[in-house]
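Peer 1: For reference, the file work_34.cif (mmCIF, C-alpha atoms) is included below:
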```cif
data_my_file
#
loop_
_atom_site.label_atom_id
_atom_site.label_comp_id
_atom_site.auth_asym_id
_atom_site.auth_seq_id
_atom_site.Cartn_x
_atom_site.Cartn_y
_atom_site.Cartn_z
CA MET A 1 6.06 -19.31 -71.02
CA ILE A 2 7.52 -16.02 -71.95
CA ALA A 3 5.77 -12.91 -73.22
CA PRO A 4 4.86 -11.36 -75.67
CA PHE A 5 2.67 -14.46 -76.13
CA PHE A 6 1.59 -13.67 -79.68
CA LYS A 7 5.15 -13.25 -80.91
CA PHE A 8 6.05 -16.63 -79.49
CA GLY A 9 3.11 -18.20 -81.26
CA TYR A 10 1.17 -19.24 -78.16
CA PHE A 11 -1.96 -18.24 -80.02
CA ASN A 12 -2.75 -17.59 -83.66
CA ASP A 13 -4.08 -14.58 -85.58
CA GLU A 14 -7.74 -15.40 -84.92
CA ILE A 15 -7.27 -15.76 -81.17
CA SER A 16 -5.19 -12.59 -81.19
CA LEU A 17 -8.24 -10.70 -82.46
CA VAL A 18 -10.30 -12.08 -79.57
CA VAL A 19 -7.58 -11.07 -77.12
CA ALA A 20 -7.41 -7.61 -78.70
CA PHE A 21 -11.20 -7.33 -78.40
CA ILE A 22 -11.14 -8.18 -74.70
CA ILE A 23 -8.24 -5.83 -73.96
CA GLY A 24 -9.95 -3.12 -76.05
CA ILE A 25 -13.17 -3.46 -74.08
CA GLY A 26 -11.21 -3.18 -70.84
CA PHE A 27 -9.26 -0.17 -72.10
CA GLY A 28 -12.41 1.60 -73.26
CA PHE A 29 -14.25 0.78 -70.06
CA PHE A 30 -11.58 2.24 -67.81
CA LEU A 31 -11.14 5.29 -70.04
CA GLU A 32 -14.84 5.95 -69.76
CA ARG A 33 -14.88 5.36 -66.00
CA GLY A 34 -11.89 7.70 -65.69
CA GLY A 35 -14.09 10.40 -67.20
CA PHE A 36 -12.30 10.42 -70.55
CA GLY A 37 -15.56 10.23 -72.49
CA SER A 38 -16.25 13.88 -71.74
CA ALA A 39 -14.74 16.56 -73.95
CA ARG A 40 -15.21 19.14 -71.18
CA LEU A 41 -13.05 17.19 -68.80
CA LEU A 42 -10.41 16.52 -71.42
CA ALA A 43 -10.28 20.18 -72.45
CA ALA A 44 -10.11 21.28 -68.80
CA GLN A 45 -6.64 19.77 -68.86
CA PHE A 46 -5.46 22.56 -71.12
CA TYR A 47 -6.92 25.27 -68.88
CA PHE A 48 -5.18 23.69 -65.87
CA THR A 49 -8.48 23.48 -64.03
CA ASP A 50 -8.67 19.69 -63.92
CA MET A 51 -5.49 17.71 -64.38
CA ARG A 52 -7.14 14.31 -64.20
CA VAL A 53 -6.10 13.36 -67.74
CA PHE A 54 -2.48 14.12 -67.01
CA LYS A 55 -2.58 12.19 -63.77
CA VAL A 56 -4.30 9.12 -65.22
CA MET A 57 -2.07 9.01 -68.29
CA PHE A 58 1.17 9.51 -66.42
CA THR A 59 0.12 6.93 -63.82
CA ALA A 60 -0.53 4.47 -66.65
CA ILE A 61 2.85 5.23 -68.19
CA VAL A 62 4.74 4.77 -64.94
CA THR A 63 2.82 1.60 -64.02
CA ALA A 64 3.48 0.03 -67.43
CA MET A 65 7.10 1.13 -67.36
CA ILE A 66 7.79 -0.42 -63.96
CA GLY A 67 5.87 -3.54 -64.96
CA VAL A 68 7.71 -4.09 -68.22
CA PHE A 69 11.08 -3.37 -66.65
CA TYR A 70 10.71 -5.80 -63.77
CA LEU A 71 8.89 -8.50 -65.75
CA SER A 72 11.71 -8.55 -68.28
CA TRP A 73 14.26 -8.38 -65.49
CA ILE A 74 12.93 -11.60 -63.98
CA GLY A 75 12.72 -13.11 -67.46
CA TRP A 76 8.95 -13.27 -68.04
CA VAL A 77 9.01 -10.83 -70.93
CA ASP A 78 11.45 -10.60 -73.81
CA ILE A 79 11.69 -6.83 -73.97
CA SER A 80 13.42 -6.88 -77.37
CA LEU A 81 10.24 -8.34 -78.89
CA ILE A 82 7.92 -5.65 -77.58
CA TYR A 83 6.91 -3.48 -80.47
CA TYR A 84 7.01 0.27 -80.46
CA GLY A 85 6.81 2.55 -83.43
CA ASN A 86 9.72 3.51 -85.61
CA THR A 87 10.97 7.05 -85.23
CA TYR A 88 10.49 9.53 -88.08
CA LEU A 89 11.48 12.61 -86.15
CA LEU A 90 10.19 15.64 -88.08
CA ALA A 91 7.02 13.98 -89.33
CA GLN A 92 6.19 12.84 -85.82
CA ILE A 93 6.78 16.29 -84.31
CA PHE A 94 4.50 17.74 -86.98
CA GLY A 95 1.90 15.02 -86.49
CA GLY A 96 2.05 15.51 -82.73
CA LEU A 97 1.35 19.20 -83.17
CA ILE A 98 -1.66 18.51 -85.39
CA LEU A 99 -2.98 15.98 -82.89
CA GLY A 100 -2.39 18.37 -79.99
CA ILE A 101 -4.16 21.26 -81.70
CA GLY A 102 -7.02 18.96 -82.64
CA PHE A 103 -7.15 17.76 -79.05
CA VAL A 104 -7.48 21.29 -77.67
CA ILE A 105 -10.09 22.32 -80.25
CA GLY A 106 -12.16 19.17 -80.32
CA GLY A 107 -11.64 17.97 -76.78
CA TYR A 108 -10.80 14.42 -77.77
CA CYS A 109 -8.00 12.23 -78.96
CA PRO A 110 -8.83 9.37 -81.34
CA GLY A 111 -9.20 6.86 -78.51
CA THR A 112 -11.36 9.00 -76.28
CA SER A 113 -13.59 9.98 -79.20
CA ALA A 114 -14.40 6.28 -79.61
CA VAL A 115 -15.18 6.12 -75.90
CA SER A 116 -17.49 9.12 -76.17
CA ILE A 117 -19.29 7.57 -79.15
CA ALA A 118 -19.97 4.52 -76.99
CA THR A 119 -21.90 6.73 -74.60
CA GLY A 120 -23.76 8.37 -77.50
CA ARG A 121 -22.16 11.80 -77.51
CA ILE A 122 -22.76 13.63 -80.78
CA ASP A 123 -19.56 15.70 -80.53
CA GLY A 124 -17.62 12.44 -80.32
CA ILE A 125 -19.24 11.17 -83.52
CA VAL A 126 -18.44 14.42 -85.34
CA TYR A 127 -14.89 14.29 -84.05
CA ALA A 128 -14.39 10.71 -85.26
CA LEU A 129 -15.85 11.58 -88.67
CA GLY A 130 -13.36 14.44 -88.83
CA GLY A 131 -10.63 11.97 -88.07
CA PHE A 132 -11.69 9.72 -90.92
CA PHE A 133 -11.83 12.72 -93.23
CA GLY A 134 -8.27 13.56 -92.20
CA ILE A 135 -7.20 10.00 -93.00
CA PHE A 136 -8.80 10.37 -96.42
CA ILE A 137 -6.98 13.66 -97.07
CA PHE A 138 -3.71 12.12 -95.91
CA GLY A 139 -4.20 9.14 -98.21
CA GLU A 140 -4.95 11.36 -101.21
CA ALA A 141 -2.05 13.71 -100.50
CA TYR A 142 0.38 10.90 -99.70
CA PRO A 143 2.29 10.99 -103.02
CA MET A 144 3.03 14.67 -102.44
CA ILE A 145 4.16 14.37 -98.83
CA GLU A 146 5.76 10.94 -99.03
CA GLY A 147 9.29 12.30 -98.71
CA PHE A 148 8.43 14.25 -95.59
CA VAL A 149 6.49 11.40 -93.98
CA ASN A 150 9.30 8.88 -94.45
CA GLY A 151 12.15 11.33 -93.85
CA ASN A 152 14.39 11.54 -90.77
CA TYR A 153 14.04 7.83 -90.23
CA MET A 154 15.81 6.72 -87.06
CA GLY A 155 14.56 3.15 -86.83
CA MET A 156 13.18 1.49 -83.73
CA ILE A 157 15.06 3.42 -81.12
CA ASN A 158 14.39 4.17 -77.48
CA ILE A 159 15.72 6.78 -75.08
CA PRO A 160 18.23 4.58 -73.20
CA GLN A 161 19.73 3.51 -76.54
CA LEU A 162 19.70 7.02 -77.99
CA LEU A 163 21.34 8.69 -74.99
CA ASN A 164 23.33 5.62 -73.96
CA ILE A 165 22.00 5.87 -70.42
CA ASN A 166 21.26 3.09 -67.99
CA TYR A 167 17.71 1.87 -68.59
CA GLY A 168 16.93 1.86 -64.86
CA MET A 169 18.08 5.47 -64.60
CA ILE A 170 15.49 6.51 -67.20
CA LEU A 171 12.87 4.62 -65.21
CA PHE A 172 13.85 6.47 -62.04
CA ILE A 173 13.89 9.86 -63.78
CA VAL A 174 10.44 9.30 -65.31
CA ILE A 175 9.05 8.25 -61.92
CA LEU A 176 10.46 11.40 -60.32
CA LEU A 177 9.07 13.49 -63.19
CA ALA A 178 5.66 11.88 -62.70
CA ILE A 179 5.56 12.48 -58.98
CA GLY A 180 6.86 16.02 -59.43
CA GLY A 181 4.23 16.51 -62.12
CA PHE A 182 1.43 15.20 -59.91
CA THR A 183 2.44 17.53 -57.10
CA ALA A 184 2.61 20.49 -59.47
CA ALA A 185 -0.73 19.52 -61.02
CA GLU A 186 -2.48 19.38 -57.65
CA TRP A 187 -1.00 22.72 -56.70
CA GLY A 188 -2.05 24.17 -60.06
CA GLU A 189 -5.59 22.91 -59.63
CA LYS A 190 -5.83 24.62 -56.24
CA VAL A 191 -4.51 27.91 -57.63
CA MET A 192 -6.97 27.80 -60.54
CA ALA A 193 -9.84 26.96 -58.18
CA LYS A 194 -8.94 29.98 -56.05
CA LYS A 195 -8.81 32.24 -59.09
CA ARG A 196 -12.21 31.01 -60.19
CA ALA A 197 -13.64 31.57 -56.73
CA GLU A 198 -12.32 35.15 -56.74
CA LYS A 199 -14.11 35.84 -60.01
CA MET B 1 8.03 3.79 -39.59
CA LEU B 2 5.82 1.11 -41.07
CA GLU B 3 2.89 2.44 -39.05
CA GLN B 4 3.45 5.90 -40.45
CA PHE B 5 3.62 4.46 -43.96
CA VAL B 6 0.32 2.62 -43.52
CA LYS B 7 -1.35 5.80 -42.27
CA LEU B 8 -0.45 7.73 -45.44
CA PRO B 9 -3.13 8.19 -48.12
CA ILE B 10 -2.98 5.52 -50.81
CA ARG B 11 -1.63 7.79 -53.57
CA LYS B 12 1.32 8.73 -51.40
CA ARG B 13 1.99 5.10 -50.54
CA VAL B 14 1.91 4.15 -54.23
CA GLY B 15 4.21 7.09 -55.01
CA ILE B 16 6.74 5.99 -52.40
CA ILE B 17 6.69 2.41 -53.68
CA ALA B 18 7.22 3.69 -57.24
CA ILE B 19 10.23 5.76 -56.15
CA ILE B 20 11.73 2.75 -54.34
CA LEU B 21 11.21 0.51 -57.39
CA GLY B 22 12.72 3.18 -59.64
CA PHE B 23 15.73 3.53 -57.37
CA ILE B 24 16.33 -0.23 -57.32
CA ALA B 25 16.01 -0.22 -61.13
CA ILE B 26 19.11 1.99 -61.42
CA PHE B 27 21.21 -0.84 -60.02
CA ALA B 28 19.22 -3.71 -61.50
CA GLY B 29 21.02 -3.66 -64.81
CA SER B 30 19.58 -3.45 -68.28
CA PRO B 31 16.77 -5.82 -69.18
CA TYR B 32 18.37 -5.98 -72.64
CA ASP B 33 21.51 -7.47 -71.13
CA ARG B 34 21.31 -11.21 -71.54
CA SER B 35 24.58 -12.44 -70.13
CA THR B 36 22.90 -14.23 -67.26
CA THR B 37 19.87 -16.43 -67.48
CA ARG B 38 18.06 -19.02 -65.44
CA VAL B 39 17.94 -22.44 -67.01
CA ASN B 40 15.33 -25.04 -66.25
CA ILE B 41 17.58 -28.07 -66.61
CA LYS B 42 14.80 -30.61 -66.34
CA GLU B 43 12.75 -28.97 -69.05
CA LEU B 44 15.74 -28.49 -71.32
CA THR B 45 16.73 -32.14 -70.94
CA LYS B 46 13.19 -33.16 -71.76
CA ILE B 47 13.09 -30.98 -74.87
CA SER B 48 16.49 -32.10 -76.10
CA LEU B 49 15.53 -35.76 -75.80
CA ALA B 50 11.91 -35.63 -76.88
CA GLU B 51 11.99 -33.62 -80.06
CA ASP B 52 13.88 -33.80 -83.31
CA HIS B 53 15.91 -30.67 -83.77
CA SER B 54 17.69 -31.46 -86.97
CA ILE B 55 17.09 -30.31 -90.50
CA ASN B 56 18.13 -32.52 -93.37
CA VAL B 57 20.55 -30.99 -95.90
CA ASP B 58 18.34 -32.12 -98.81
CA ASP B 59 15.34 -30.39 -97.27
CA LEU B 60 17.35 -27.22 -96.80
CA ALA B 61 18.57 -27.34 -100.41
CA ASP B 62 14.97 -27.76 -101.49
CA TRP B 63 13.86 -24.74 -99.48
CA ILE B 64 16.65 -22.58 -100.87
CA ILE B 65 15.76 -23.55 -104.44
CA LYS B 66 12.10 -22.84 -103.82
CA GLY B 67 12.97 -19.51 -102.21
CA LYS B 68 11.44 -20.44 -98.88
CA TYR B 69 12.98 -18.17 -96.29
CA ASP B 70 10.89 -18.26 -93.16
CA TYR B 71 13.96 -19.10 -91.13
CA ARG B 72 17.38 -17.69 -90.45
CA LEU B 73 20.26 -19.82 -91.53
CA VAL B 74 23.18 -19.13 -89.22
CA ASP B 75 26.75 -20.12 -89.98
CA LEU B 76 28.57 -20.46 -86.66
CA ARG B 77 32.03 -20.82 -88.16
CA ASP B 78 34.69 -18.13 -88.10
CA THR B 79 34.25 -15.29 -90.57
CA GLU B 80 37.36 -16.23 -92.55
CA ILE B 81 36.11 -19.72 -93.23
CA TYR B 82 32.62 -18.41 -93.86
CA ASN B 83 33.88 -16.03 -96.54
CA LYS B 84 35.55 -18.89 -98.40
CA TYR B 85 32.34 -20.81 -98.82
CA ASN B 86 28.93 -20.81 -97.20
CA ILE B 87 25.46 -22.03 -97.87
CA PRO B 88 23.49 -19.52 -99.95
CA GLY B 89 21.22 -17.43 -97.79
CA SER B 90 23.21 -17.97 -94.63
CA GLU B 91 24.51 -15.27 -92.36
CA ASN B 92 27.68 -15.49 -90.38
CA ILE B 93 27.44 -15.30 -86.60
CA PRO B 94 30.52 -16.91 -85.05
CA ILE B 95 29.43 -18.81 -81.97
CA ARG B 96 31.09 -16.41 -79.54
CA GLU B 97 29.10 -13.58 -81.10
CA LEU B 98 25.81 -15.44 -80.76
CA PHE B 99 24.42 -13.20 -78.04
CA ASN B 100 25.61 -9.98 -79.63
CA SER B 101 23.60 -10.78 -82.73
CA ASP B 102 20.14 -9.59 -83.66
CA LEU B 103 18.59 -13.05 -83.53
CA MET B 104 15.13 -12.85 -82.03
CA ARG B 105 13.67 -15.38 -79.66
CA ASN B 106 10.62 -15.98 -81.83
CA GLU B 107 12.47 -16.68 -85.08
CA ASN B 108 13.07 -20.05 -86.69
CA ILE B 109 16.80 -20.50 -86.51
CA ILE B 110 18.86 -23.14 -88.30
CA LEU B 111 22.43 -23.48 -87.08
CA TYR B 112 25.28 -25.06 -88.92
CA SER B 113 28.97 -25.46 -88.53
CA ASP B 114 31.60 -27.83 -89.91
CA ASP B 115 29.98 -30.75 -88.17
CA GLU B 116 27.31 -31.00 -85.50
CA ALA B 117 29.48 -30.35 -82.46
CA VAL B 118 29.59 -26.57 -82.52
CA SER B 119 26.02 -26.21 -83.71
CA SER B 120 24.90 -28.44 -80.82
CA GLN B 121 26.64 -26.06 -78.45
CA GLY B 122 24.90 -23.19 -80.18
CA TRP B 123 21.58 -25.02 -79.94
CA PHE B 124 22.03 -25.50 -76.21
CA LEU B 125 23.04 -21.89 -75.62
CA LEU B 126 20.07 -20.51 -77.52
CA LYS B 127 17.58 -22.93 -75.97
CA ALA B 128 18.93 -22.09 -72.53
CA ASP B 129 18.25 -18.44 -73.33
CA LYS B 130 14.65 -19.33 -74.20
CA TYR B 131 14.86 -19.18 -77.98
CA LYS B 132 11.79 -20.94 -79.22
CA THR B 133 12.61 -22.83 -82.40
CA VAL B 134 16.23 -23.69 -83.02
CA PHE B 135 17.38 -26.40 -85.41
CA ILE B 136 20.69 -27.95 -86.34
CA LEU B 137 21.71 -28.77 -89.88
CA GLU B 138 22.24 -32.51 -89.88
CA GLY B 139 25.90 -33.30 -90.50
CA GLY B 140 26.79 -29.63 -90.86
CA MET B 141 28.84 -28.22 -93.70
CA LYS B 142 30.57 -31.54 -94.29
CA CYS B 143 27.28 -33.24 -95.01
CA TRP B 144 26.12 -30.29 -97.15
CA LYS B 145 29.17 -30.66 -99.36
CA ASP B 146 28.94 -34.45 -99.55
CA GLN B 147 25.21 -34.67 -100.15
CA VAL B 148 24.26 -31.48 -101.97
CA VAL B 149 27.24 -29.87 -103.66
CA PHE B 150 29.20 -33.03 -104.55
CA PRO B 151 26.72 -35.89 -104.38
CA LYS B 152 28.27 -39.29 -104.95
CA LEU B 153 26.82 -42.20 -106.83
CA PRO B 154 27.76 -45.38 -105.01
CA ALA B 155 29.33 -48.22 -106.96
CA ASP B 156 26.72 -50.70 -108.23
CA PRO B 157 23.77 -48.45 -107.54
CA THR B 158 20.25 -49.79 -107.20
CA LYS B 159 17.43 -48.32 -109.27
CA LYS B 160 16.27 -46.27 -106.35
CA GLN B 161 19.73 -44.87 -105.75
CA LEU B 162 20.02 -44.00 -109.43
CA ALA B 163 16.74 -42.10 -109.42
CA LEU B 164 17.78 -40.21 -106.33
CA PHE B 165 21.13 -39.42 -107.87
CA GLU B 166 19.46 -37.97 -110.96
CA LYS B 167 17.61 -35.54 -108.75
CA LYS B 168 20.70 -34.73 -106.76
CA LYS B 169 22.59 -33.98 -109.95
CA GLU B 170 20.14 -31.22 -110.76
CA VAL B 171 20.27 -29.86 -107.26
CA CYS B 172 24.06 -29.83 -107.14
CA LYS B 173 24.23 -27.95 -110.43
CA PHE B 174 22.01 -25.32 -108.92
CA PHE B 175 24.53 -24.81 -106.14
CA GLY B 176 27.48 -24.78 -108.53
CA GLY B 177 28.69 -28.24 -107.54
CA GLN B 178 29.53 -31.38 -109.46
CA PRO B 179 28.23 -34.92 -109.16
CA GLN B 180 30.77 -37.62 -108.27
CA PHE B 181 30.69 -41.10 -109.63
CA GLY B 182 31.48 -44.00 -107.38
CA GLY B 183 34.04 -45.77 -109.54
CA GLU B 184 36.13 -42.65 -110.07
CA GLU B 185 39.05 -41.82 -107.95
CA GLN B 186 38.18 -39.28 -105.34
CA ILE B 187 39.59 -35.94 -106.36
CA GLU B 188 39.87 -33.16 -103.86
CA GLN B 189 37.14 -30.83 -105.01
CA GLU B 190 37.32 -27.10 -104.92
CA THR B 191 34.27 -25.70 -103.26
CA PRO B 192 32.31 -23.59 -105.69
CA LYS B 193 32.93 -19.90 -105.64
CA LEU B 194 30.64 -17.87 -103.53
CA LYS B 195 28.55 -16.39 -106.27
CA ALA B 196 28.35 -19.70 -108.08
CA PRO B 197 24.65 -20.51 -107.89
CA PRO B 198 23.40 -18.94 -111.09
CA LYS B 199 19.69 -18.61 -110.65
CA VAL B 200 19.48 -18.14 -106.95
CA THR B 201 18.39 -14.77 -105.88
CA VAL B 202 19.31 -15.16 -102.30
CA THR B 203 18.30 -12.47 -99.94
CA THR B 204 19.28 -12.78 -96.36
CA LYS B 205 17.10 -9.83 -95.71
CA ARG B 206 13.86 -10.99 -94.32
CA LYS B 207 10.59 -9.62 -95.46
CA LYS B 208 9.83 -6.21 -94.17
CA ARG B 209 8.22 -6.34 -90.81
CA SER B 210 4.52 -6.08 -91.07
CA ARG B 211 3.28 -2.89 -89.56
CA GLU B 212 2.10 -3.24 -86.02
CA GLY B 213 0.89 -1.01 -83.30
CA CYS B 214 -1.57 1.84 -83.40
#
```
Let me see the structure of the file written as structure tokens.
Peer 2:
Amino acid sequence: MIAPFFKFGYFNDEISLVVAFIIGIGFGFFLERGGFGSARLLAAQFYFTDMRVFKVMFTAIVTAMIGVFYLSWIGWVDISLIYYGNTYLLAQIFGGLILGIGFVIGGYCPGTSAVSIATGRIDGIVYALGGFFGIFIFGEAYPMIEGFVNGNYMGMINIPQLLNINYGMILFIVILLAIGGFTAAEWGEKVMAKKRAEK
Amino acid sequence: MLEQFVKLPIRKRVGIIAIILGFIAIFAGSPYDRSTTRVNIKELTKISLAEDHSINVDDLADWIIKGKYDYRLVDLRDTEIYNKYNIPGSENIPIRELFNSDLMRNENIILYSDDEAVSSQGWFLLKADKYKTVFILEGGMKCWKDQVVFPKLPADPTKKQLALFEKKKEVCKFFGGQPQFGGEEQIEQETPKLKAPPKVTVTTKRKKRSREGC
């Protein structure tokens, strides 16, 4: 057997929904246990007082990256069948900015707002409703912004292909960045804690 | 050294392991590179003997007429020969280019060549590289021409053969061919020009990928 299982037809659409449900439950559970259901904790990230979000996310990225690389290297995963989004450069930079600003203001991202709803937080519900409202606005305004949304299309491209660099080298660089980032984050947390104590 | 490593806090140990794995990755080669593969000979033998991997030319003609394109029809012959004549809807991937192509492991692939020899090689190569569903066009291009484009009515046909021939006549017209009658002297037939099939709107482009992901 070779992954991705769904793409190879090892299970059908119906079963794929069940699999998605189970994975979703697991994802939500660990997000919540990681403390990602709390807007305070998520926002603390942006004040450099608690870098847990950064650490958890970057750990997840590095773990998945190493896993996918080595699993495909030994032939258990066909990496060319793993889906990732197409690149629409400008629209995605703009969308990223909106999401980032919304994240700082509201204290959630779409995923974590769902997690916070699960624990009954009202701010999470309001945040999610805001998200749906945004989707509605986007849908209504789509004819006007269609050119921008679909512009700068670069296809399904990844960094090793774009820069023509050895895939393993990117892996190594990201790992170094992560570990450097973790060290800096811990140091930053200590500095911020000191500052707070002085106040 | 190992003792020191064990004494470290877990996050440092994980970090060191990650760095080692990342360093090895630099020399491990690209996971997209598929020039080497492990082949399970036993399994491959079993598959090649147990299942039928051929597609009948009449079935293929039927699919093309009906516009059924849930497969990729791959012409393994050289580009020059391909450009002279090919089966509508096919794409040209000469066999030595097979692994530089954009064929995906989860696609239905039908291979053809002049006869079955080269497409069998192609079948084996793709199956060895874990392609899931690969088929061979039975009899290859030769059979396609004989059965679909220039179908022949045998001398003294039975009723059944006649009925079949009537159907084949229609099909061959669709592909710009001409029916042959058994009694006639065999004339060397020109293969129809590439754009011959009048009503076919052949698109080698597959349907747009359905949107996935979040």
Peer 1: Near region 53-66 of chain A, counting all atoms listed in the file, which residues have an atom at most 9 Å away, once you skip same-chain residues fewer than 2 positions from it, shown as a PyMOL selection string?
Peer 2: (chain A and resi 34-36+41-42+44-45+50-51+68-71+171+174-175+178+181-182+185) or (chain B and resi 18+21-22+25)
Peer 1: So that I can see what lies close to region 34-45 of chain B, please list as a PDB file with C-alpha atoms, in the coordinates of the input the residues with an atom at most 7 Å from it, counting all atoms listed in the file and leaving out residues fewer than 4 positions away in the same chain.
Peer 2:
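See around-v1.pdb below for the written result:
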```pdb
ATOM      1  CA  LEU B  49      15.530 -35.760 -75.800  1.00  0.00           C
ATOM      2  CA  ALA B 128      18.930 -22.090 -72.530  1.00  0.00           C
ATOM      3  CA  ASP B 129      18.250 -18.440 -73.330  1.00  0.00           C
TER       4      ASP B 129
END
```
Peer 1: So what do you get for CA of Phe23 (chain B) versus CA of Glu3 (chain B), distance-wise?
Peer 2: 22.4 Å
Peer 1: Applying the PyMOL selection byres ((chain B) within 12 of (chain A)) to the file I just gave you, which residues come out? Please list them as a PDB file with C-alpha atoms, in the frame of the given file.
Peer 2:
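Final output, out.pdb:
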```pdb
ATOM      1  CA  ARG B  11      -1.630   7.790 -53.570  1.00  0.00           C
ATOM      2  CA  LYS B  12       1.320   8.730 -51.400  1.00  0.00           C
ATOM      3  CA  ARG B  13       1.990   5.100 -50.540  1.00  0.00           C
ATOM      4  CA  VAL B  14       1.910   4.150 -54.230  1.00  0.00           C
ATOM      5  CA  GLY B  15       4.210   7.090 -55.010  1.00  0.00           C
ATOM      6  CA  ILE B  16       6.740   5.990 -52.400  1.00  0.00           C
ATOM      7  CA  ILE B  17       6.690   2.410 -53.680  1.00  0.00           C
ATOM      8  CA  ALA B  18       7.220   3.690 -57.240  1.00  0.00           C
ATOM      9  CA  ILE B  19      10.230   5.760 -56.150  1.00  0.00           C
ATOM     10  CA  ILE B  20      11.730   2.750 -54.340  1.00  0.00           C
ATOM     11  CA  LEU B  21      11.210   0.510 -57.390  1.00  0.00           C
ATOM     12  CA  GLY B  22      12.720   3.180 -59.640  1.00  0.00           C
ATOM     13  CA  PHE B  23      15.730   3.530 -57.370  1.00  0.00           C
ATOM     14  CA  ILE B  24      16.330  -0.230 -57.320  1.00  0.00           C
ATOM     15  CA  ALA B  25      16.010  -0.220 -61.130  1.00  0.00           C
ATOM     16  CA  ILE B  26      19.110   1.990 -61.420  1.00  0.00           C
ATOM     17  CA  PHE B  27      21.210  -0.840 -60.020  1.00  0.00           C
ATOM     18  CA  ALA B  28      19.220  -3.710 -61.500  1.00  0.00           C
ATOM     19  CA  GLY B  29      21.020  -3.660 -64.810  1.00  0.00           C
ATOM     20  CA  SER B  30      19.580  -3.450 -68.280  1.00  0.00           C
ATOM     21  CA  PRO B  31      16.770  -5.820 -69.180  1.00  0.00           C
ATOM     22  CA  TYR B  32      18.370  -5.980 -72.640  1.00  0.00           C
ATOM     23  CA  ASP B  33      21.510  -7.470 -71.130  1.00  0.00           C
ATOM     24  CA  ARG B  34      21.310 -11.210 -71.540  1.00  0.00           C
ATOM     25  CA  THR B  36      22.900 -14.230 -67.260  1.00  0.00           C
ATOM     26  CA  THR B  37      19.870 -16.430 -67.480  1.00  0.00           C
ATOM     27  CA  ARG B  38      18.060 -19.020 -65.440  1.00  0.00           C
ATOM     28  CA  VAL B  39      17.940 -22.440 -67.010  1.00  0.00           C
ATOM     29  CA  ASN B  40      15.330 -25.040 -66.250  1.00  0.00           C
ATOM     30  CA  GLU B  43      12.750 -28.970 -69.050  1.00  0.00           C
ATOM     31  CA  ASP B 102      20.140  -9.590 -83.660  1.00  0.00           C
ATOM     32  CA  LEU B 103      18.590 -13.050 -83.530  1.00  0.00           C
ATOM     33  CA  MET B 104      15.130 -12.850 -82.030  1.00  0.00           C
ATOM     34  CA  ARG B 105      13.670 -15.380 -79.660  1.00  0.00           C
ATOM     35  CA  ASN B 106      10.620 -15.980 -81.830  1.00  0.00           C
ATOM     36  CA  GLU B 107      12.470 -16.680 -85.080  1.00  0.00           C
ATOM     37  CA  ASN B 108      13.070 -20.050 -86.690  1.00  0.00           C
ATOM     38  CA  ASP B 129      18.250 -18.440 -73.330  1.00  0.00           C
ATOM     39  CA  LYS B 130      14.650 -19.330 -74.200  1.00  0.00           C
ATOM     40  CA  TYR B 131      14.860 -19.180 -77.980  1.00  0.00           C
ATOM     41  CA  LYS B 132      11.790 -20.940 -79.220  1.00  0.00           C
ATOM     42  CA  THR B 133      12.610 -22.830 -82.400  1.00  0.00           C
ATOM     43  CA  ARG B 209       8.220  -6.340 -90.810  1.00  0.00           C
ATOM     44  CA  SER B 210       4.520  -6.080 -91.070  1.00  0.00           C
ATOM     45  CA  ARG B 211       3.280  -2.890 -89.560  1.00  0.00           C
ATOM     46  CA  GLU B 212       2.100  -3.240 -86.020  1.00  0.00           C
ATOM     47  CA  GLY B 213       0.890  -1.010 -83.300  1.00  0.00           C
ATOM     48  CA  CYS B 214      -1.570   1.840 -83.400  1.00  0.00           C
TER      49      CYS B 214
END
```
Peer 1: Expanded to explicit residues, what is the PyMOL selection byres ((chain A and resi 102) around 12) for this file, as an MDAnalysis selection string?
Peer 2: chainID A and resid 39 42:43 95:101 103:110 113 127:128 130:131 134
